[in-house]
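**Student:** What follows is the file coords_6.cif, containing mmCIF, C-alpha atoms:
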```
data_coords
#
loop_
_atom_site.group_PDB
_atom_site.id
_atom_site.type_symbol
_atom_site.label_atom_id
_atom_site.label_comp_id
_atom_site.auth_asym_id
_atom_site.auth_seq_id
_atom_site.Cartn_x
_atom_site.Cartn_y
_atom_site.Cartn_z
ATOM 1 C CA MET A 17 -121.946 -39.603 -129.801
ATOM 2 C CA ASP A 18 -125.138 -37.569 -130.098
ATOM 3 C CA ALA A 19 -125.575 -35.185 -127.159
ATOM 4 C CA TYR A 20 -129.339 -35.687 -127.145
ATOM 5 C CA ASP A 21 -131.540 -38.707 -126.625
ATOM 6 C CA GLU A 22 -134.664 -39.510 -128.641
ATOM 7 C CA ARG A 23 -136.892 -37.328 -126.410
ATOM 8 C CA GLY A 24 -134.834 -34.231 -127.179
ATOM 9 C CA THR A 25 -133.579 -33.700 -123.624
ATOM 10 C CA THR A 26 -129.922 -33.321 -122.816
ATOM 11 C CA MET A 27 -128.208 -36.651 -122.277
ATOM 12 C CA THR A 28 -126.154 -37.095 -119.111
ATOM 13 C CA GLY A 29 -123.466 -39.678 -119.546
ATOM 14 C CA VAL A 30 -122.976 -42.629 -121.835
ATOM 15 C CA ASP A 31 -125.998 -44.677 -122.860
ATOM 16 C CA PRO A 32 -126.063 -47.487 -120.252
ATOM 17 C CA SER A 33 -126.409 -50.158 -122.942
ATOM 18 C CA ARG A 34 -122.966 -49.128 -124.227
ATOM 19 C CA LEU A 35 -121.250 -49.668 -120.848
ATOM 20 C CA ASP A 36 -119.579 -52.960 -120.061
ATOM 21 C CA ASP A 37 -120.587 -54.699 -116.828
ATOM 22 C CA GLN A 38 -117.738 -53.205 -114.795
ATOM 23 C CA GLN A 39 -118.458 -49.673 -116.027
ATOM 24 C CA LEU A 40 -122.170 -50.101 -115.327
ATOM 25 C CA MET A 41 -121.485 -51.174 -111.741
ATOM 26 C CA LYS A 42 -119.125 -48.223 -111.233
ATOM 27 C CA GLU A 43 -121.782 -45.811 -112.535
ATOM 28 C CA LEU A 44 -124.415 -47.387 -110.256
ATOM 29 C CA GLU A 45 -122.134 -47.154 -107.218
ATOM 30 C CA THR A 46 -121.428 -43.496 -107.955
ATOM 31 C CA ILE A 47 -125.039 -42.499 -108.492
ATOM 32 C CA HIS A 48 -126.197 -44.286 -105.341
ATOM 33 C CA ARG A 49 -123.407 -42.645 -103.330
ATOM 34 C CA THR A 50 -124.456 -39.162 -104.504
ATOM 35 C CA ARG A 51 -128.219 -39.732 -104.151
ATOM 36 C CA HIS A 52 -128.664 -38.384 -100.629
ATOM 37 C CA ASP A 53 -126.840 -35.113 -101.267
ATOM 38 C CA THR A 54 -128.728 -34.581 -104.515
ATOM 39 C CA LEU A 55 -132.043 -35.111 -102.753
ATOM 40 C CA LEU A 56 -131.201 -32.772 -99.886
ATOM 41 C CA TYR A 57 -129.244 -30.046 -101.637
ATOM 42 C CA GLY A 58 -129.735 -30.328 -105.403
ATOM 43 C CA SER A 59 -131.971 -28.096 -107.479
ATOM 44 C CA ASN A 60 -135.189 -29.508 -108.891
ATOM 45 C CA ASP A 61 -133.454 -29.868 -112.255
ATOM 46 C CA ALA A 62 -130.526 -31.698 -110.666
ATOM 47 C CA LEU A 63 -132.864 -34.070 -108.849
ATOM 48 C CA ARG A 64 -134.876 -34.731 -112.010
ATOM 49 C CA THR A 65 -131.693 -35.437 -113.975
ATOM 50 C CA HIS A 66 -130.423 -37.688 -111.187
ATOM 51 C CA ASN A 67 -133.722 -39.604 -111.144
ATOM 52 C CA GLU A 68 -133.640 -40.106 -114.905
ATOM 53 C CA ARG A 69 -130.028 -41.278 -114.943
ATOM 54 C CA MET A 70 -130.577 -43.612 -111.987
ATOM 55 C CA ALA A 71 -133.603 -45.140 -113.722
ATOM 56 C CA GLN A 72 -131.576 -45.650 -116.913
ATOM 57 C CA LEU A 73 -128.696 -47.329 -115.095
ATOM 58 C CA GLU A 74 -130.877 -49.485 -112.843
ATOM 59 C CA GLY A 75 -133.055 -50.484 -115.790
ATOM 60 C CA GLU A 76 -129.985 -51.621 -117.716
ATOM 61 C CA TYR A 77 -128.707 -53.577 -114.698
ATOM 62 C CA LEU A 78 -132.064 -55.337 -114.325
ATOM 63 C CA ARG A 79 -132.191 -56.064 -118.065
ATOM 64 C CA ARG A 80 -128.793 -57.735 -117.878
ATOM 65 C CA ASN A 81 -129.495 -59.572 -114.620
ATOM 66 C CA PRO A 82 -133.094 -60.824 -114.711
ATOM 67 C CA ARG A 83 -132.267 -63.733 -112.395
ATOM 68 C CA ARG A 84 -130.235 -61.813 -109.849
ATOM 69 C CA LEU A 85 -130.085 -63.123 -106.297
ATOM 70 C CA VAL A 86 -132.899 -61.761 -104.145
ATOM 71 C CA SER A 87 -132.435 -61.816 -100.387
ATOM 72 C CA ALA A 88 -135.419 -63.253 -98.494
ATOM 73 C CA GLY A 89 -135.221 -60.303 -96.105
ATOM 74 C CA ARG A 90 -135.829 -57.906 -99.018
ATOM 75 C CA THR A 91 -139.213 -59.400 -99.974
ATOM 76 C CA ARG A 92 -142.630 -58.398 -98.629
ATOM 77 C CA GLU A 93 -142.777 -61.499 -96.497
ATOM 78 C CA GLY A 94 -139.309 -60.822 -95.114
ATOM 79 C CA ALA A 95 -140.243 -57.210 -94.382
ATOM 80 C CA ARG A 96 -143.358 -58.334 -92.519
ATOM 81 C CA GLU A 97 -141.249 -60.651 -90.399
ATOM 82 C CA ARG A 98 -138.886 -57.783 -89.552
ATOM 83 C CA CYS A 99 -141.686 -55.398 -88.635
ATOM 84 C CA CYS A 100 -143.296 -57.893 -86.283
ATOM 85 C CA GLY A 101 -140.096 -58.530 -84.340
ATOM 86 C CA GLU A 102 -139.658 -62.049 -85.634
ATOM 87 C CA SER A 103 -136.243 -63.144 -86.765
ATOM 88 C CA ALA A 104 -135.584 -64.121 -90.343
ATOM 89 C CA THR A 105 -134.553 -67.584 -89.214
ATOM 90 C CA PRO A 106 -137.229 -69.962 -87.982
ATOM 91 C CA GLY A 107 -137.308 -70.494 -84.230
ATOM 92 C CA PRO A 108 -138.288 -73.600 -82.324
ATOM 93 C CA SER A 109 -141.833 -74.745 -82.990
ATOM 94 C CA GLY A 110 -144.502 -74.185 -80.352
ATOM 95 C CA THR A 111 -143.413 -70.654 -79.408
#
```
Would you mind writing the file out in structure tokens?
**Tutor:**
Amino acid sequence: MDAYDERGTTMTGVDPSRLDDQQLMKELETIHRTRHDTLLYGSNDALRTHNERMAQLEGEYLRRNPRRLVSAGRTREGARERCCGESATPGPSGT
């Protein structure tokens, strides 16, 4: 495999489109687990590389799963309900 991508920057890891679904999920789990430490303690180059790789992996996941399940609590409306102290489930009317 070519060690460089089309932009001429060093490639980090296998092209996400070449990973099977299980490998892609494993890569995503790993990169999300290491995110906090990279942000706090990584060099600027390490953080930039981490950002690029995360974007590649997440982009591939979204490409493969365009109709993924979206939790109502993770939408703008759901976030507004959380911030205002309302529960996500409807309460009795008239309150």
**Student:** Could you pull the residues within 7 Å of segment 61-75 of chain A, counting all atoms listed in the file, minus those fewer than 3 positions along the same chain, as a list of chain:residue names?
**Tutor:**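 My reading of the contact set: A:Pro32, A:Leu44, A:Ile47, A:Thr54, A:Leu55, A:Gly58, A:Leu78, A:Arg79.
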**Student:** Could you tell me how far atom CA of Leu56 of chain A lies from atom CA of Gln38 of chain A, in Å and to one decimal?
**Tutor:**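 Value for the atom CA of Leu56 of chain A-atom CA of Gln38 of chain A distance: 28.7 Å.
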**Student:** State, in Å with one decimal place, the distance from atom CA of Leu40 of chain A to atom CA of Val86 of chain A.
**Tutor:**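 Here the two named atoms are 19.4 Å from each other.
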**Student:** Would you compute the distance between atom CA of His48 of chain A and atom CA of Glu93 of chain A? Give it in Å to one decimal.
**Tutor:**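 For atom CA of His48 of chain A relative to atom CA of Glu93 of chain A, the distance reads 25.5 Å.
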**Student:** From the list A:Leu85, A:Glu76, A:Tyr57, A:Ala95, which residue is nearest Met41 of chain A when using only C-alpha atoms?
**Tutor:** A:Glu76
**Student:** For segment 64-75 of chain A, take all atoms listed in the file, fit an axis-aligned box around them, add 5 Å to each of the six sides, then output centre and edge lengths in Å rounded to one decimal, as lines of an AutoDock Vina configuration file.
**Tutor:**
```
center_x = -131.8
center_y = -42.6
center_z = -114.0
size_x = 16.2
size_y = 25.8
size_z = 15.8
```
**Student:** Using only C-alpha atoms, find the one residue out of A:His52, A:Arg80, A:Arg90, A:Arg96 that sits nearest to Asp37 of chain A.
**Tutor:**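 Answer, going by the shortest atom-to-atom distance: A:Arg80.
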**Student:** When distances are computed from only C-alpha atoms, which of A:Asn81, A:Ser59, A:Thr28, A:Thr91 shows the smallest separation from Glu43 of chain A?
**Tutor:** A:Thr28
